[in-house]
>>> print(open('query.txt').read())   # compact mmCIF, C-alpha atoms
# COMPACT_ATOMS: atom_id res chain seq x y z
CA MET Y 223 -29.15 -0.16 17.46
CA LEU Y 224 -26.67 -0.47 14.64
CA ALA Y 225 -25.65 -3.96 13.59
CA LEU Y 226 -22.09 -3.29 12.50
CA GLY Y 227 -21.08 -6.03 10.12
CA ALA Y 228 -24.42 -6.42 8.43
CA ALA Y 229 -23.39 -4.50 5.31
CA THR Y 230 -20.37 -3.08 3.60
CA GLY Y 231 -21.66 0.47 3.79
CA SER Y 232 -21.86 3.15 1.15
CA GLY Y 233 -20.67 6.63 0.45
CA CYS Y 234 -19.95 9.07 -2.30
CA GLY Y 235 -17.06 11.13 -3.47
CA ARG Y 236 -14.58 11.49 -6.26
CA ALA Y 237 -13.59 8.12 -7.67
CA SER Y 238 -9.97 7.09 -7.30
CA ALA Y 239 -7.69 6.80 -10.33
CA PRO Y 240 -8.42 3.83 -12.61
CA LEU Y 241 -6.30 0.75 -12.73
CA PRO Y 242 -3.06 1.23 -14.64
CA THR Y 243 -3.25 0.92 -18.41
CA THR Y 244 -0.77 0.74 -21.24
CA SER Y 245 -0.96 4.45 -21.96
CA PRO Y 246 1.69 5.98 -24.22
CA MET Y 247 4.98 6.64 -22.50
CA VAL Y 248 5.94 10.25 -21.85
CA PRO Y 249 9.54 11.37 -21.25
CA ALA Y 250 9.03 13.33 -18.04
CA PRO Y 251 6.77 12.90 -14.99
CA ALA Y 252 3.24 14.17 -15.53
CA GLU Y 253 2.80 17.56 -13.90
CA ALA Y 254 -0.06 16.21 -11.80
CA CYS Y 255 2.34 13.73 -10.18
CA VAL Y 256 5.01 16.24 -9.13
CA LEU Y 257 4.97 16.90 -5.38
CA THR Y 258 8.03 19.17 -5.23
CA ALA Y 259 10.00 20.35 -8.24
CA GLY Y 260 13.38 20.50 -6.50
CA GLU Y 261 15.82 23.39 -6.74
CA PRO Y 262 18.94 23.93 -8.88
CA GLY Y 263 22.07 23.27 -6.86
CA GLY Y 264 20.06 21.47 -4.19
CA LEU Y 265 21.12 18.82 -1.71
CA ASP Y 266 23.52 16.08 -2.81
CA THR Y 267 22.95 14.10 0.41
CA VAL Y 268 19.40 13.47 1.61
CA SER Y 269 18.86 12.36 5.20
CA VAL Y 270 15.69 10.33 5.60
CA GLY Y 271 13.46 9.87 8.63
CA PRO Y 272 11.01 6.95 8.98
CA LEU Y 273 9.34 6.23 5.63
CA PRO Y 274 7.39 3.26 4.25
CA PHE Y 275 8.84 1.25 1.35
CA GLU Y 276 12.15 3.08 1.63
CA GLY Y 277 13.98 0.98 -0.94
CA LEU Y 278 11.47 1.72 -3.69
CA LEU Y 279 11.08 5.36 -2.79
CA LEU Y 280 14.80 5.94 -2.84
CA ARG Y 281 15.55 4.08 -6.07
CA ARG Y 282 17.70 1.43 -4.42
CA LEU Y 283 15.21 -1.25 -5.53
CA GLU Y 284 13.29 -1.49 -8.79
CA SER Y 285 10.47 -3.68 -10.08
CA PRO Y 286 10.20 -4.34 -13.83
CA ILE Y 287 7.86 -1.35 -14.23
CA ARG Y 288 6.09 1.19 -12.05
CA PHE Y 289 2.89 3.22 -12.31
CA ASP Y 290 2.75 6.96 -11.74
CA CYS Y 291 -0.12 8.70 -9.98
CA LEU Y 292 -2.21 8.75 -13.18
CA GLY Y 293 -1.81 5.01 -13.74
CA GLN Y 294 0.72 5.48 -16.55
CA PRO Y 295 3.26 2.62 -16.80
CA ARG Y 296 6.86 3.79 -16.59
CA PRO Y 297 10.20 2.01 -16.93
CA GLY Y 298 11.82 0.27 -14.01
CA LEU Y 299 14.10 -2.68 -14.65
CA ALA Y 300 12.38 -2.93 -18.04
CA THR Y 301 12.56 -0.20 -20.67
CA ALA Y 302 9.85 -1.68 -22.91
CA TRP Y 303 7.10 -4.32 -22.81
CA SER Y 304 4.64 -5.86 -25.26
CA SER Y 305 2.18 -8.73 -25.54
CA ASP Y 306 1.45 -11.30 -28.20
CA SER Y 307 -1.89 -11.41 -29.99
CA SER Y 308 -3.45 -13.57 -27.27
CA GLY Y 309 -2.65 -11.15 -24.45
CA ARG Y 310 -1.29 -14.04 -22.37
CA SER Y 311 2.43 -13.79 -23.15
CA TRP Y 312 4.19 -10.55 -22.25
CA THR Y 313 7.79 -9.75 -23.19
CA LEU Y 314 9.82 -7.50 -20.90
CA VAL Y 315 12.91 -5.83 -22.41
CA LEU Y 316 15.34 -5.17 -19.56
CA ALA Y 317 17.66 -2.17 -19.47
CA ALA Y 318 21.04 -2.55 -21.15
CA GLY Y 319 23.75 -3.06 -18.56
CA GLY Y 320 21.22 -3.97 -15.87
CA VAL Y 321 20.20 -7.29 -14.39
CA ALA Y 322 20.16 -10.20 -16.85
CA ALA Y 323 16.84 -11.92 -17.56
CA ALA Y 324 18.05 -15.33 -16.34
CA ASP Y 325 19.43 -13.83 -13.13
CA LEU Y 326 16.17 -12.00 -12.50
CA VAL Y 327 14.14 -15.19 -12.87
CA SER Y 328 16.53 -17.06 -10.56
CA GLU Y 329 16.19 -14.32 -7.95
CA TRP Y 330 12.39 -14.42 -8.12
CA ARG Y 331 12.29 -18.20 -7.85
CA ALA Y 332 14.46 -18.07 -4.73
CA ARG Y 333 11.98 -15.85 -2.88
CA GLY Y 334 8.87 -17.33 -1.32
CA ALA Y 335 6.99 -14.01 -1.23
CA THR Y 336 7.73 -13.34 -4.89
CA LEU Y 337 6.65 -16.80 -6.00
CA SER Y 338 3.43 -16.40 -4.02
CA ALA Y 339 2.71 -13.04 -5.67
CA LEU Y 340 3.38 -14.45 -9.13
CA GLN Y 341 1.10 -17.41 -8.43
CA TRP Y 342 -1.76 -15.23 -7.17
CA ALA Y 343 -1.33 -12.98 -10.22
CA GLY Y 344 -1.83 -15.95 -12.52
CA VAL Y 345 1.72 -16.28 -13.87
CA GLU Y 346 2.26 -19.70 -15.47
CA SER Y 347 5.83 -19.45 -16.74
CA MET Y 348 8.88 -17.17 -17.05
CA VAL Y 349 11.29 -17.84 -19.92
CA PRO Y 350 14.44 -15.76 -20.62
CA LEU Y 351 14.97 -15.43 -24.38
CA ASP Y 352 18.38 -13.76 -24.06
CA ARG Y 353 20.14 -11.43 -21.65
CA ARG Y 354 17.60 -8.63 -21.99
CA ARG Y 355 14.32 -10.29 -22.99
CA LEU Y 356 12.03 -12.16 -20.60
CA VAL Y 357 8.70 -13.72 -21.62
CA VAL Y 358 6.07 -14.06 -18.88
CA THR Y 359 2.97 -16.13 -19.65
CA LEU Y 360 -0.33 -15.70 -17.77
CA ARG Y 361 -3.23 -18.08 -17.22
CA ARG Y 362 -5.66 -15.46 -18.51
CA PRO Y 363 -5.15 -12.78 -21.16
CA SER Y 364 -4.54 -9.19 -20.14
CA ALA Y 365 -5.40 -6.29 -22.44
CA THR Y 366 -3.12 -3.96 -20.46
CA VAL Y 367 0.33 -4.41 -18.97
CA PRO Y 368 -0.09 -6.76 -15.97
CA THR Y 369 0.05 -4.94 -12.66
CA ILE Y 370 2.14 -7.73 -11.13
CA PHE Y 371 5.15 -6.29 -13.00
CA ALA Y 372 5.07 -3.30 -10.63
CA ASP Y 373 4.71 -5.30 -7.42
CA PRO Y 374 7.34 -4.53 -4.74
CA SER Y 375 7.97 -8.25 -4.21
CA LEU Y 376 9.57 -8.35 -7.68
CA ALA Y 377 11.99 -5.51 -6.92
CA VAL Y 378 15.74 -6.11 -6.95
CA PRO Y 379 18.68 -3.84 -6.02
CA THR Y 380 19.89 -1.37 -8.62
CA LEU Y 381 23.20 0.41 -8.97
CA GLY Y 382 21.95 3.91 -9.72
CA ASP Y 383 21.00 6.48 -7.09
CA GLY Y 384 20.19 9.42 -9.38
CA GLY Y 385 23.34 11.28 -8.32
CA VAL Y 386 22.10 11.72 -4.75
CA VAL Y 387 23.72 10.18 -1.66
CA LEU Y 388 21.07 8.84 0.70
CA ASP Y 389 21.32 8.46 4.46
CA LEU Y 390 18.78 5.75 5.34
CA VAL Y 391 19.57 5.04 8.98
CA SER Y 392 19.71 8.31 10.89
CA HIS Y 393 16.91 9.46 13.18
CA ARG Y 394 15.31 6.03 13.61
CA GLY Y 395 13.19 5.44 16.71
CA ASP Y 396 13.11 9.08 17.85
CA ASP Y 397 10.40 11.70 18.15
CA PRO Y 398 9.98 12.93 14.56
CA ARG Y 399 10.43 16.54 15.68
CA ASP Y 400 13.81 15.62 17.13
CA ALA Y 401 14.72 14.02 13.80
CA LEU Y 402 13.84 17.25 11.98
CA ASP Y 403 15.89 19.27 14.45
CA ARG Y 404 18.88 17.02 13.79
CA GLY Y 405 18.65 17.48 10.04
CA ALA Y 406 16.24 14.92 8.54
CA ASP Y 407 15.44 16.14 5.02
CA LEU Y 408 12.47 13.83 4.34
CA LEU Y 409 9.97 12.56 6.87
CA GLN Y 410 6.51 11.02 6.48
CA THR Y 411 4.08 11.34 9.38
CA ASP Y 412 0.42 11.14 10.34
CA ASP Y 413 0.98 12.99 13.62
CA PRO Y 414 -0.80 16.39 13.62
CA GLY Y 415 1.67 17.72 16.18
CA VAL Y 416 4.61 17.03 13.87
CA VAL Y 417 2.81 18.65 10.93
CA GLU Y 418 2.08 21.73 13.03
CA TYR Y 419 5.71 21.92 14.12
CA ALA Y 420 6.96 21.65 10.53
CA ALA Y 421 4.61 24.45 9.45
CA SER Y 422 6.41 26.78 11.86
CA ARG Y 423 9.77 26.13 10.19
CA PRO Y 424 10.61 28.27 7.12
CA ASP Y 425 13.16 25.70 5.93
CA LEU Y 426 10.54 22.94 5.66
CA LEU Y 427 7.68 22.27 3.25
CA THR Y 428 4.68 20.11 4.14
CA VAL Y 429 2.84 18.18 1.41
CA GLU Y 430 -0.41 16.31 2.07
CA LEU Y 431 -0.31 12.88 0.44
CA PRO Y 432 -3.39 11.15 -1.08
CA TRP Y 433 -5.88 9.04 0.84
CA SER Y 434 -3.88 5.84 0.44
CA ARG Y 435 -4.93 3.62 3.38
CA ILE Y 436 -8.31 2.26 4.39
CA TYR Y 437 -9.20 0.81 7.78
CA LEU Y 438 -11.90 -1.81 7.98
CA LEU Y 439 -13.62 -4.11 10.41
CA LEU Y 440 -13.47 -7.78 9.42
CA VAL Y 441 -15.96 -10.12 11.11
CA PRO Y 442 -14.93 -13.74 10.36
CA ASP Y 443 -18.16 -15.65 10.84
CA GLY Y 444 -20.56 -13.01 9.61
CA ASP Y 445 -22.28 -12.38 12.96
CA PRO Y 446 -23.09 -8.66 13.27
CA ILE Y 447 -21.72 -6.70 16.23
CA GLU Y 448 -24.47 -4.80 18.02
CA LEU Y 449 -23.51 -1.23 18.87
CA SER Y 450 -25.38 1.05 21.25
CA ILE Y 451 -25.90 3.93 18.83
CA GLU Y 452 -28.74 5.22 16.72
CA ALA Y 453 -27.17 6.01 13.37
CA ASP Y 454 -26.74 4.73 9.87
CA SER Y 455 -23.39 3.30 8.85
CA ALA Y 456 -22.36 6.40 6.88
CA ALA Y 457 -22.85 8.61 9.93
CA PHE Y 458 -20.98 6.09 12.07
CA ARG Y 459 -17.98 6.13 9.74
CA ALA Y 460 -17.98 9.92 9.65
CA ALA Y 461 -18.02 10.02 13.46
CA LEU Y 462 -15.07 7.62 13.62
CA ALA Y 463 -13.07 9.81 11.26
CA ARG Y 464 -13.96 12.96 13.16
CA ASP Y 465 -13.71 11.82 16.78
CA ALA Y 466 -11.94 8.48 17.19
CA VAL Y 467 -8.50 8.95 15.61
CA ARG Y 468 -5.73 11.54 15.82
CA GLY Y 469 -4.46 11.71 12.25
CA ALA Y 470 -6.04 12.96 9.03
CA ALA Y 471 -9.09 10.78 8.34
CA ARG Y 472 -12.38 10.74 6.44
CA ALA Y 473 -15.27 8.30 6.24
CA ALA Y 474 -14.25 5.44 3.95
CA GLU Y 475 -15.27 6.14 0.35
CA PRO Y 476 -15.79 3.70 -2.51
CA PRO Y 477 -14.70 2.15 -4.77
CA PHE Y 478 -13.54 -0.77 -2.62
CA TRP Y 479 -11.30 -3.11 -4.59
CA TRP Y 480 -12.39 -6.28 -2.76
CA GLU Y 481 -16.03 -5.89 -3.83
CA HIS Y 482 -15.25 -6.95 -7.42
CA PRO Y 483 -12.28 -9.31 -7.12
CA PRO Y 484 -10.80 -11.24 -10.03
CA ALA Y 485 -11.19 -15.01 -10.25
CA CYS Y 486 -8.62 -16.13 -7.70
CA GLY Y 487 -9.23 -19.85 -7.44
CA SER Y 488 -9.47 -21.68 -4.14
CA THR Y 489 -7.71 -20.48 -1.01
CA PRO Y 490 -6.68 -22.56 2.01
CA SER Y 491 -8.74 -20.44 4.41
CA PRO Y 492 -10.64 -22.56 6.97
CA ALA Y 493 -14.36 -22.96 6.42
CA ALA Y 494 -16.61 -21.10 8.83
CA ALA Y 495 -18.21 -24.33 10.06
CA GLY Y 496 -14.85 -25.78 11.08
CA ARG Y 497 -13.40 -22.62 12.61
CA GLN Y 498 -12.30 -22.81 16.23
CA ARG Y 499 -12.68 -19.46 17.95
CA VAL Y 500 -10.32 -19.07 20.88
CA GLY Y 501 -11.07 -15.45 21.78
CA GLY Y 502 -13.86 -12.91 21.76
CA ALA Y 503 -11.86 -9.73 21.28
CA ILE Y 504 -11.54 -7.20 18.52
CA ALA Y 505 -7.93 -7.69 17.50
CA TYR Y 506 -5.71 -5.10 15.83
CA PRO Y 507 -2.01 -4.67 14.89
CA LEU Y 508 -0.26 -3.88 18.15
CA ARG Y 509 1.88 -1.05 16.77
CA ASP Y 510 -0.85 0.61 14.70
CA ARG Y 511 -2.14 3.55 16.74
CA THR Y 512 -5.08 4.28 14.44
CA ALA Y 513 -6.24 0.64 14.46
CA ARG Y 514 -6.10 0.64 18.25
CA GLU Y 515 -8.12 3.85 18.48
CA LEU Y 516 -10.79 2.45 16.17
CA ALA Y 517 -10.97 -0.86 18.04
CA GLU Y 518 -11.33 0.96 21.35
CA ARG Y 519 -14.16 3.12 20.00
CA ILE Y 520 -16.05 0.11 18.64
CA VAL Y 521 -15.62 -1.76 21.94
CA ALA Y 522 -16.88 1.28 23.87
CA LEU Y 523 -20.11 1.10 21.86
CA SER Y 524 -20.53 -2.67 22.19
CA ASP Y 525 -21.65 -4.97 24.98
CA GLY Y 526 -18.94 -6.83 26.86
CA MET Y 527 -16.26 -6.92 24.18
CA THR Y 528 -12.54 -6.26 24.64
CA THR Y 529 -9.60 -5.29 22.45
CA LYS Y 530 -6.42 -7.25 21.84
CA GLY Y 531 -3.26 -5.94 20.21
CA LEU Y 532 -1.33 -8.58 18.27
CA GLU Y 533 2.18 -8.48 16.87
CA GLU Y 534 2.32 -8.76 13.08
CA ALA Y 535 3.68 -12.31 13.31
CA ASP Y 536 0.63 -13.34 15.36
CA LEU Y 537 -2.00 -11.25 13.60
CA ALA Y 538 -1.76 -12.84 10.14
CA PRO Y 539 -2.40 -16.45 11.27
CA ALA Y 540 -5.12 -15.33 13.71
CA LEU Y 541 -6.87 -13.40 10.94
CA HIS Y 542 -6.54 -16.27 8.49
CA ALA Y 543 -8.00 -18.68 11.05
CA GLY Y 544 -10.71 -16.24 12.18
CA SER Y 545 -9.95 -17.08 15.80
CA GLU Y 546 -11.01 -13.71 17.27
CA ARG Y 547 -14.43 -12.07 17.27
CA ALA Y 548 -13.40 -9.39 14.78
CA TYR Y 549 -10.37 -7.51 13.47
CA VAL Y 550 -9.53 -3.89 12.72
CA ILE Y 551 -6.90 -3.81 9.99
CA SER Y 552 -5.58 -1.38 7.40
CA LEU Y 553 -5.10 -2.00 3.70
CA ALA Y 554 -3.88 -0.04 0.72
CA ARG Y 555 -6.75 1.63 -1.12
CA ARG Y 556 -5.16 0.40 -4.36
CA VAL Y 557 -3.53 -2.99 -4.70
CA LEU Y 558 -1.59 -4.65 -7.49
CA VAL Y 559 -2.39 -8.31 -6.68
CA PRO Y 560 -5.91 -8.45 -5.16
CA CYS Y 561 -5.95 -12.25 -4.88
CA ARG Y 562 -2.87 -12.20 -2.66
CA GLU Y 563 -4.53 -9.79 -0.24
CA LEU Y 564 -7.79 -11.76 -0.16
CA SER Y 565 -5.96 -15.04 0.48
CA GLY Y 566 -5.26 -14.00 4.07
CA TRP Y 567 -8.93 -13.46 4.94
CA PRO Y 568 -11.21 -16.19 6.32
CA THR Y 569 -13.91 -17.50 4.00
CA GLY Y 570 -17.30 -15.86 4.42
CA ALA Y 571 -16.05 -12.84 6.35
CA ILE Y 572 -18.07 -9.64 6.37
CA ILE Y 573 -16.02 -6.55 5.51
CA VAL Y 574 -17.07 -3.17 6.89
CA PRO Y 575 -15.13 -0.13 5.61
CA LEU Y 576 -14.48 2.38 8.41
CA ILE Y 577 -12.16 5.27 7.50
CA ASP Y 578 -9.60 6.39 4.94
CA THR Y 579 -6.35 7.92 6.15
CA ARG Y 580 -3.47 9.85 4.68
CA SER Y 581 -0.15 11.14 5.90
CA SER Y 582 1.96 14.21 5.19
CA LEU Y 583 5.45 14.43 3.76
CA ILE Y 584 7.79 16.95 5.35
CA VAL Y 585 10.51 18.07 2.95
CA ARG Y 586 13.53 20.27 3.60
CA ARG Y 587 14.03 22.91 0.94
CA GLY Y 588 16.71 21.84 -1.54
CA VAL Y 589 15.69 18.17 -1.72
CA PRO Y 590 15.61 16.92 -5.36
CA ALA Y 591 12.27 16.56 -7.14
CA LEU Y 592 9.68 14.22 -5.64
CA THR Y 593 6.87 12.56 -7.59
CA LEU Y 594 3.81 10.61 -6.55
CA GLU Y 595 3.23 6.97 -7.47
CA TRP Y 596 -0.10 5.27 -8.26
CA ASP Y 597 -0.42 3.75 -4.77
CA GLY Y 598 0.34 7.01 -2.95
CA SER Y 599 4.02 6.32 -2.28
CA VAL Y 600 6.67 8.91 -3.08
CA ARG Y 601 9.60 8.67 -5.48
CA LEU Y 602 12.84 10.63 -5.41
CA GLU Y 603 13.63 11.55 -9.02
CA GLU Y 604 17.04 11.61 -10.63
CA ARG Y 605 18.92 14.88 -10.53
CA ARG Y 606 18.84 16.45 -13.99
>>> encode(input="query.txt", output="structure tokens")
Amino acid sequence: MLALGAATGSGCGRASAPLPTTSPMVPAPAEACVLTAGEPGGLDTVSVGPLPFEGLLLRRLESPIRFDCLGQPRPGLATAWSSDSSGRSWTLVLAAGGVAAADLVSEWRARGATLSALQWAGVESMVPLDRRRLVVTLRRPSATVPTIFADPSLAVPTLGDGGVVLDLVSHRGDDPRDALDRGADLLQTDDPGVVEYAASRPDLLTVELPWSRIYLLLVPDGDPIELSIEADSAAFRAALARDAVRGAARAAEPPFWWEHPPACGSTPSPAAAGRQRVGGAIAYPLRDRTARELAERIVALSDGMTTKGLEEADLAPALHAGSERAYVISLARRVLVPCRELSGWPTGAIIVPLIDTRSSLIVRRGVPALTLEWDGSVRLEERR
């Protein structure tokens, strides 16, 4: 019998890229981060199928900085940044002709999600010095540029589009193959059937993206789930990746960012002793096919458990309260504000890594250059 939930598991493999650092700026994307180089005289209008974080990918939104796939900081809204001798106060120099420092602070203060991210990242104050300079002070010193400056919640609209007209609305809600047939130039998918179809088309390129998502089992009260298998946890994870899900998957590999979290302070998560469980199911995001497949496999190996799909609006409070027996959820393998992610988990929960997943990017020939970001997302570069 395997008591799933009794340990976080182990594994081996190539370590993921380190956290971003203040490495010297370089004028062009590092070669390692280039997915497709683009072609001279390529497309001026790019039609986009379903993609995550579309605004950031397509340069319609920018955070103060961004990190490329090697962890190098690169300009976003800010063209330069520096810290004082204490490492607590960081000055952002915003681009000339872009958003003003005071307007940026006002925009951030008007957004609940942004204020929450800043709080969890340890930001104490934001003071505009003039139109272009903004001083951000942290509770604790940082020897490298704070990762919060690249968080999507800090992004605001920009005027530039890199000389490319973008169609963001076509092909929504259809079979991805139909979208490709009707002219989608960029499409991200984890469906093997779509990847196979694209491989048969000479006008399309398929690029495998990094292992950017991790699925895990979260058990709120720490009680292990007994499974009717004779295997160690590493073999169990490998079997899940091989047999339980449709898309590209592997057994979850360390490092796991939640194992060594920063000092986050107290969270309002309910204590285990006062938690009121209202269900005994393994819950998962209703529209996440991979999470459903994993939950169904775990239930098939357990005694008398069921699955329950929850809409996103219902899943977050249920997870925070720990009201179900366990949860299958997905997270980014790399996060910019760990304390924010941990704040939604119930106190004392046991975390069991299950599988890593990745998707593929289907690109029509002639699309401008695409580069890879630190978190595995894709960026459309300016036409040169």
>>> atom_distance(input="query.txt", atom1="CA of Asp412 in chain Y", atom2="CA of Leu553 in chain Y")
15.7 Å
>>> residues_around(input="query.txt", residues="Leu594 in chain Y", least_positions_apart="6", cutoff="7 Å", atoms="all atoms listed in the file", output="mmCIF file with C-alpha atoms, keeping the file's coordinate frame")
data_model
loop_
_atom_site.group_PDB
_atom_site.id
_atom_site.type_symbol
_atom_site.label_atom_id
_atom_site.label_comp_id
_atom_site.auth_asym_id
_atom_site.auth_seq_id
_atom_site.Cartn_x
_atom_site.Cartn_y
_atom_site.Cartn_z
ATOM 1 C CA CYS Y 255 2.340 13.730 -10.180
ATOM 2 C CA VAL Y 256 5.010 16.240 -9.130
ATOM 3 C CA LEU Y 257 4.970 16.900 -5.380
ATOM 4 C CA ASP Y 290 2.750 6.960 -11.740
ATOM 5 C CA CYS Y 291 -0.120 8.700 -9.980
ATOM 6 C CA VAL Y 600 6.670 8.910 -3.080
ATOM 7 C CA ARG Y 601 9.600 8.670 -5.480
#
>>> atom_distance(input="query.txt", atom1="CA of Val585 in chain Y", atom2="CA of Asp407 in chain Y")
5.7 Å
>>> closest_residue(input="query.txt", among="Y:Thr529, Y:Ser422, Y:Thr593, Y:Ser338", to="Ile504 in chain Y", atoms="only C-alpha atoms")
Y:Thr529
>>> atom_distance(input="query.txt", atom1="CA of Arg310 in chain Y", atom2="CA of Pro363 in chain Y")
4.2 Å
>>> residues_around(input="query.txt", residues="Asp425 in chain Y", least_positions_apart="3", cutoff="9 Å", atoms="all atoms listed in the file", output="ChimeraX atom specification")
/Y:420,585-587
>>> axis_aligned_box(input="query.txt", around="range 401-418 of chain Y", padding_each_side="3 Å", output="AutoDock Vina command-line options")
--center_x 9.0 --center_y 16.4 --center_z 10.3 --size_x 25.7 --size_y 16.7 --size_z 17.8
>>> residues_around(input="query.txt", residues="Leu409 in chain Y", least_positions_apart="4", cutoff="9 Å", atoms="all atoms listed in the file", output="NGL selection string")
:Y and (270-273 or 398 or 401-402 or 582-585)
>>> write_last_selection(input="query.txt", atoms="C-alpha atoms", output="compact mmCIF listing (two decimals), in the coordinates of the input")
# COMPACT_ATOMS: atom_id res chain seq x y z
CA VAL Y 270 15.69 10.33 5.60
CA GLY Y 271 13.46 9.87 8.63
CA PRO Y 272 11.01 6.95 8.98
CA LEU Y 273 9.34 6.23 5.63
CA PRO Y 398 9.98 12.93 14.56
CA ALA Y 401 14.72 14.02 13.80
CA LEU Y 402 13.84 17.25 11.98
CA SER Y 582 1.96 14.21 5.19
CA LEU Y 583 5.45 14.43 3.76
CA ILE Y 584 7.79 16.95 5.35
CA VAL Y 585 10.51 18.07 2.95
>>> closest_residue(input="query.txt", among="Y:Val358, Y:Leu438, Y:Ala365, Y:Ala460", to="Ile573 in chain Y", atoms="all atoms listed in the file")
Y:Leu438
>>> closest_residue(input="query.txt", among="Y:Gly319, Y:Val467, Y:Val550, Y:Ser269", to="Ala406 in chain Y", atoms="all atoms listed in the file")
Y:Ser269
>>> closest_residue(input="query.txt", among="Y:Ile551, Y:Arg468, Y:Ala474, Y:Arg404", to="Arg509 in chain Y", atoms="all atoms listed in the file")
Y:Ile551
>>> closest_residue(input="query.txt", among="Y:Arg435, Y:Arg353, Y:Arg547, Y:Arg399", to="Thr512 in chain Y", atoms="all atoms listed in the file")
Y:Arg435
>>> closest_residue(input="query.txt", among="Y:Glu481, Y:Leu376, Y:Met527, Y:Thr359", to="Ala332 in chain Y", atoms="only C-alpha atoms")
Y:Leu376
>>> residues_near_point(input="query.txt", point="(-15.3, 10.0, 4.9)", cutoff="10 Å", atoms="all atoms listed in the file", output="list in words")
Gly233, Cys234, Gly235, Ala456, Ala457, Phe458, Arg459, Ala460, Ala461, Leu462, Ala463, Arg464, Ala471, Arg472, Ala473, Ala474, Glu475, Pro476, Leu576, Ile577, Asp578 and Thr579 of chain Y
>>> residues_near_point(input="query.txt", point="(-18.3, -14.2, 5.5)", cutoff="6 Å", atoms="all atoms listed in the file", output="ChimeraX atom specification")
/Y:442-444,569-572
>>> residues_around(input="query.txt", residues="Leu337 in chain Y", least_positions_apart="4", cutoff="12 Å", atoms="all atoms listed in the file", output="PDB file with C-alpha atoms, keeping the file's coordinate frame")
ATOM      1  CA  VAL Y 327      14.140 -15.190 -12.870  1.00  0.00           C
ATOM      2  CA  SER Y 328      16.530 -17.060 -10.560  1.00  0.00           C
ATOM      3  CA  GLU Y 329      16.190 -14.320  -7.950  1.00  0.00           C
ATOM      4  CA  TRP Y 330      12.390 -14.420  -8.120  1.00  0.00           C
ATOM      5  CA  ARG Y 331      12.290 -18.200  -7.850  1.00  0.00           C
ATOM      6  CA  ALA Y 332      14.460 -18.070  -4.730  1.00  0.00           C
ATOM      7  CA  ARG Y 333      11.980 -15.850  -2.880  1.00  0.00           C
ATOM      8  CA  GLN Y 341       1.100 -17.410  -8.430  1.00  0.00           C
ATOM      9  CA  TRP Y 342      -1.760 -15.230  -7.170  1.00  0.00           C
ATOM     10  CA  ALA Y 343      -1.330 -12.980 -10.220  1.00  0.00           C
ATOM     11  CA  GLY Y 344      -1.830 -15.950 -12.520  1.00  0.00           C
ATOM     12  CA  VAL Y 345       1.720 -16.280 -13.870  1.00  0.00           C
ATOM     13  CA  GLU Y 346       2.260 -19.700 -15.470  1.00  0.00           C
ATOM     14  CA  SER Y 347       5.830 -19.450 -16.740  1.00  0.00           C
ATOM     15  CA  MET Y 348       8.880 -17.170 -17.050  1.00  0.00           C
ATOM     16  CA  ILE Y 370       2.140  -7.730 -11.130  1.00  0.00           C
ATOM     17  CA  ASP Y 373       4.710  -5.300  -7.420  1.00  0.00           C
ATOM     18  CA  SER Y 375       7.970  -8.250  -4.210  1.00  0.00           C
ATOM     19  CA  LEU Y 376       9.570  -8.350  -7.680  1.00  0.00           C
ATOM     20  CA  ARG Y 562      -2.870 -12.200  -2.660  1.00  0.00           C
TER      21      ARG Y 562
END
